[in-house]
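Here's the structure, in structure tokens; my notes come after.
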Amino acid sequence: MLPSDRNKSRTMFILLGFSDYPEMQVPLFLIFLAIYSVTVVGNIGMIVIIKINSKLHTPMYFFLSHLSFVDFCYSSIIAPKMLVNLVLQDRTISFLGCVVQFFFFCTFVVTESFLLAVMAYDRFVAICSPLLYTVAMSQKLCVMLVVGSYSWGVACSLILTCSALQLSFYGSNIIDHFFCEFSSLLSLSCADTHINHLLLFIFATFNEVSTLLIILLSYLFIVVTILKMRSASGRRKAFSTCASHLTAITIFHGTILFLYCVPNSKNSRHTVKVASVFYTVVIPMLNPVIYSLRNKDVKNTI
């Protein structure tokens with residue numbers, strides 16, 4: 001007998017997290033706490049620096065401030081619950097809590113993916129059409145690109161979340177992960193999940209392919225333009241403006257593509273968890289470090 005919609009709200013899940021390694025709970029807690037602390041200070045600090053330094057009131061830093069905000073948000077959705085589960089025996093989360101966590105996490109991850117693509121387009125315009133940069137990347141266009149990224153993130157997340165609300169659960173609801181991943185919910189459902197899997201595949205594939213296509217095309221034109229430059233110092237300067245963004249893109253999309261390639265088996269769960277830690281906790285910490293280390297204006301403000 002399947003649970004009714006009234007009982008669905010009472011459904012509880014157990015997030016196993018890293019409970020397979022009891023001796024590592026305290027060290028992992030301290031490590032993740034340190035990483036999350038750096039993430040909060042780094043991303044909020046980056047937003048404040050961009051706000052107070054008039055030299056950074058450019059399209060690139062406008063996008064970077066929103067990237068920092070998104071990094072802070074989606075890390076804050078995952079890290080606190082993961083830290084609590086490392087020190088408490090009670091690792092339960094309600095169905096509503098699970099769905100809310102997934103909704104916000106999905107929203108901000110999709111938004112970040114498109115923000116990185118927008119930043120690649122910004123670098124393309126800056127290097128390939130420097131004389132038209134201020135006209136082409138107007139304030140209105142920048143705002144529209146950012147709003148579009150957030151809107152698409154919300155739309156994707158809302159559709160997938162609504163499909164998750166139609167799921168039914170019965171029996172043992174144990175999630176072998178440290179957060180409410182959509183595919184984990186599908187594997188526990190006793191209802192037909194064909195449509196849910198199809199929606200996940202369509203949105204995940206479209207988001208990854210479309211953003212990578214924008215990024216690859218932008219950098220293809222950038223590389224061609226740089227190679228045509230006669231001045232070696234000009235080539236170095238052009239490359240240095242892209243280096244931080246290229247590093248962030250490589251880490252973010254590299255991790256996601258790696259997760260795509262991991263086979264769906266019990267033996268791969270540990271690998272999936274480690275990779276998931278990287279893009280949910282570590283990457284949000286790395287982005288402000290990457291963008292600040294190679295930037296004189298940011299370092300001077302600090």
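Order determines the names: the first chain of the structure tokens is A, the second B, and so forth; residues in each chain are numbered 1 upward, and ligands are numbered 1 upward as they are shown.
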In segment 47-207 of chain A, what's helix (DSSP H, G or I) per DSSP? Answer as a CSV table (one decimal) with C-alpha atoms, in the first residue's frame?
chain,number,residue,atom,x,y,z
A,47,ILE,CA,31.1,41.0,-3.2
A,48,VAL,CA,32.1,43.7,-0.8
A,49,ILE,CA,35.4,44.4,-2.6
A,50,ILE,CA,33.7,44.8,-5.9
A,51,LYS,CA,31.1,47.0,-4.4
A,52,ILE,CA,33.5,49.5,-2.7
A,54,SER,CA,35.0,51.9,-8.3
A,55,LYS,CA,37.7,50.4,-10.6
A,56,LEU,CA,35.8,47.1,-10.4
A,59,PRO,CA,30.7,44.0,-16.6
A,60,MET,CA,33.3,41.3,-15.8
A,61,TYR,CA,33.2,42.1,-12.0
A,62,PHE,CA,29.4,42.6,-12.1
A,63,PHE,CA,29.2,39.0,-13.3
A,64,LEU,CA,31.8,37.9,-10.8
A,65,SER,CA,29.9,39.4,-7.9
A,66,HIS,CA,26.9,37.3,-8.9
A,67,LEU,CA,29.1,34.2,-9.3
A,68,SER,CA,30.3,34.8,-5.7
A,69,PHE,CA,26.7,35.2,-4.5
A,70,VAL,CA,25.7,32.0,-6.2
A,71,ASP,CA,28.7,30.1,-4.8
A,72,PHE,CA,27.9,31.3,-1.3
A,73,CYS,CA,24.2,30.3,-1.6
A,74,TYR,CA,24.6,26.8,-3.0
A,75,SER,CA,27.4,26.0,-0.6
A,76,SER,CA,25.3,27.2,2.3
A,77,ILE,CA,22.4,24.9,1.2
A,78,ILE,CA,24.6,21.8,1.5
A,79,ALA,CA,27.5,22.4,3.9
A,80,PRO,CA,25.6,23.2,7.2
A,81,LYS,CA,23.4,20.1,7.0
A,82,MET,CA,26.4,18.0,6.1
A,83,LEU,CA,28.4,19.4,9.1
A,84,VAL,CA,25.5,18.7,11.5
A,85,ASN,CA,25.2,15.1,10.2
A,86,LEU,CA,28.9,14.6,10.9
A,87,VAL,CA,28.5,15.2,14.6
A,95,PHE,CA,10.5,14.9,2.5
A,96,LEU,CA,9.7,18.7,2.4
A,97,GLY,CA,13.2,19.5,3.7
A,98,CYS,CA,14.7,17.3,1.0
A,99,VAL,CA,12.7,18.9,-1.8
A,100,VAL,CA,13.4,22.4,-0.6
A,101,GLN,CA,17.2,21.6,-0.4
A,102,PHE,CA,17.1,20.1,-3.9
A,103,PHE,CA,15.1,23.1,-5.3
A,104,PHE,CA,17.6,25.7,-4.1
A,105,PHE,CA,20.7,23.7,-4.9
A,106,CYS,CA,19.5,23.0,-8.4
A,107,THR,CA,18.6,26.6,-8.9
A,108,PHE,CA,22.0,27.9,-8.0
A,109,VAL,CA,24.1,25.2,-9.8
A,110,VAL,CA,22.2,25.8,-13.1
A,111,THR,CA,22.6,29.6,-12.6
A,112,GLU,CA,26.3,29.2,-12.0
A,113,SER,CA,26.7,27.1,-15.1
A,114,PHE,CA,25.1,29.8,-17.2
A,115,LEU,CA,26.9,32.7,-15.4
A,116,LEU,CA,30.2,31.0,-16.4
A,117,ALA,CA,29.0,30.9,-20.0
A,118,VAL,CA,28.0,34.6,-19.8
A,119,MET,CA,31.4,35.4,-18.5
A,120,ALA,CA,33.0,33.6,-21.4
A,121,TYR,CA,31.0,35.7,-23.8
A,122,ASP,CA,32.0,38.8,-21.9
A,123,ARG,CA,35.7,37.9,-22.4
A,124,PHE,CA,35.0,37.2,-26.1
A,125,VAL,CA,33.6,40.7,-26.6
A,126,ALA,CA,36.4,42.3,-24.5
A,127,ILE,CA,39.3,40.7,-26.5
A,128,CYS,CA,37.8,40.4,-30.0
A,130,PRO,CA,37.7,45.9,-27.5
A,131,LEU,CA,36.6,49.2,-29.1
A,132,LEU,CA,33.0,48.2,-29.0
A,133,TYR,CA,33.1,46.6,-25.5
A,134,THR,CA,31.5,49.3,-23.5
A,135,VAL,CA,28.7,49.7,-26.1
A,136,ALA,CA,28.2,45.9,-26.6
A,139,GLN,CA,24.5,47.8,-18.3
A,140,LYS,CA,21.0,46.8,-19.6
A,141,LEU,CA,22.4,43.7,-21.4
A,142,CYS,CA,24.5,42.7,-18.4
A,143,VAL,CA,21.4,42.8,-16.1
A,144,MET,CA,19.4,40.9,-18.7
A,145,LEU,CA,22.0,38.2,-18.9
A,146,VAL,CA,22.2,37.8,-15.1
A,147,VAL,CA,18.4,37.8,-14.7
A,148,GLY,CA,18.1,35.3,-17.6
A,149,SER,CA,20.6,33.0,-15.8
A,150,TYR,CA,18.7,33.1,-12.5
A,151,SER,CA,15.4,32.7,-14.3
A,152,TRP,CA,16.4,29.6,-16.2
A,153,GLY,CA,17.9,28.2,-13.0
A,154,VAL,CA,14.6,28.7,-11.2
A,155,ALA,CA,12.6,27.3,-14.2
A,156,CYS,CA,14.7,24.1,-14.4
A,157,SER,CA,14.6,23.6,-10.7
A,158,LEU,CA,10.9,24.2,-10.4
A,159,ILE,CA,10.0,21.7,-13.1
A,160,LEU,CA,12.2,19.0,-11.6
A,161,THR,CA,11.0,19.8,-8.1
A,162,CYS,CA,7.3,19.6,-9.2
A,163,SER,CA,8.0,16.2,-10.8
A,164,ALA,CA,9.7,15.1,-7.5
A,182,PHE,CA,17.5,14.1,-7.5
A,183,SER,CA,18.6,10.7,-8.8
A,184,SER,CA,18.8,9.3,-5.2
A,185,LEU,CA,15.2,10.3,-4.7
A,186,LEU,CA,14.2,8.6,-7.9
A,187,SER,CA,16.0,5.4,-6.9
A,188,LEU,CA,14.0,5.2,-3.7
A,194,HIS,CA,10.3,7.2,-16.3
A,195,ILE,CA,9.1,10.8,-16.9
A,196,ASN,CA,11.3,12.1,-14.0
A,197,HIS,CA,14.4,10.4,-15.5
A,198,LEU,CA,13.6,11.8,-18.9
A,199,LEU,CA,13.2,15.3,-17.5
A,200,LEU,CA,16.5,15.0,-15.6
A,201,PHE,CA,18.3,13.8,-18.8
A,202,ILE,CA,16.8,16.5,-21.0
A,203,PHE,CA,17.6,19.4,-18.6
A,204,ALA,CA,21.1,18.1,-17.6
A,205,THR,CA,22.1,17.5,-21.2
A,206,PHE,CA,20.7,20.8,-22.5
A,207,ASN,CA,22.3,22.8,-19.7
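DSSP, applied to the backbone of this structure, assigns strand (DSSP E or B) to the following residues of segment 162-256 of chain A: Phe169, Ile174, Ile175 and Ser189 of chain A.
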May I have the residues from that selection written out with N, CA and C atoms, as a compact mmCIF listing (two decimals), in the first residue's frame?
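Okay, this is what ended up in selection-v2.txt:
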# COMPACT_ATOMS: atom_id res chain seq x y z
N PHE A 169 6.85 7.11 -1.77
CA PHE A 169 7.91 6.38 -1.09
C PHE A 169 7.31 5.40 -0.09
N ILE A 174 16.58 5.34 2.74
CA ILE A 174 17.97 5.65 3.06
C ILE A 174 18.67 6.18 1.82
N ILE A 175 19.19 7.41 1.92
CA ILE A 175 19.91 8.04 0.81
C ILE A 175 21.42 7.92 1.08
N SER A 189 12.01 5.85 -4.95
CA SER A 189 10.57 5.95 -5.20
C SER A 189 9.99 4.61 -5.65
Within 12 Å of segment 289-292 of chain A, which residues of segment 249-280 of chain A come that close, and what is the closest atom pair and distance in Å for each? Count only C-alpha atoms and give it as a tab-separated table.
residue	atom	partner	partner_atom	distance
A:Ile249	CA	A:Ile290	CA	11.1
A:Thr250	CA	A:Ile290	CA	12.0
A:Ile251	CA	A:Ile290	CA	10.9
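Using only C-alpha atoms, the smallest distance between any of A:Ser231, A:Asn287, A:Thr225, A:Ser218 and His245 of chain A comes from A:Asn287.
Shortest separation to Ala191 of chain A among A:Leu167, A:Val38, A:Ile214, A:Leu246 occurs at residue A:Leu167, atoms counted being only C-alpha atoms.
Proximity ranking of A:Leu259, A:Ile93, A:Leu30, A:Leu88 relative to Phe13 of chain A places A:Ile93 first, based on only C-alpha atoms.
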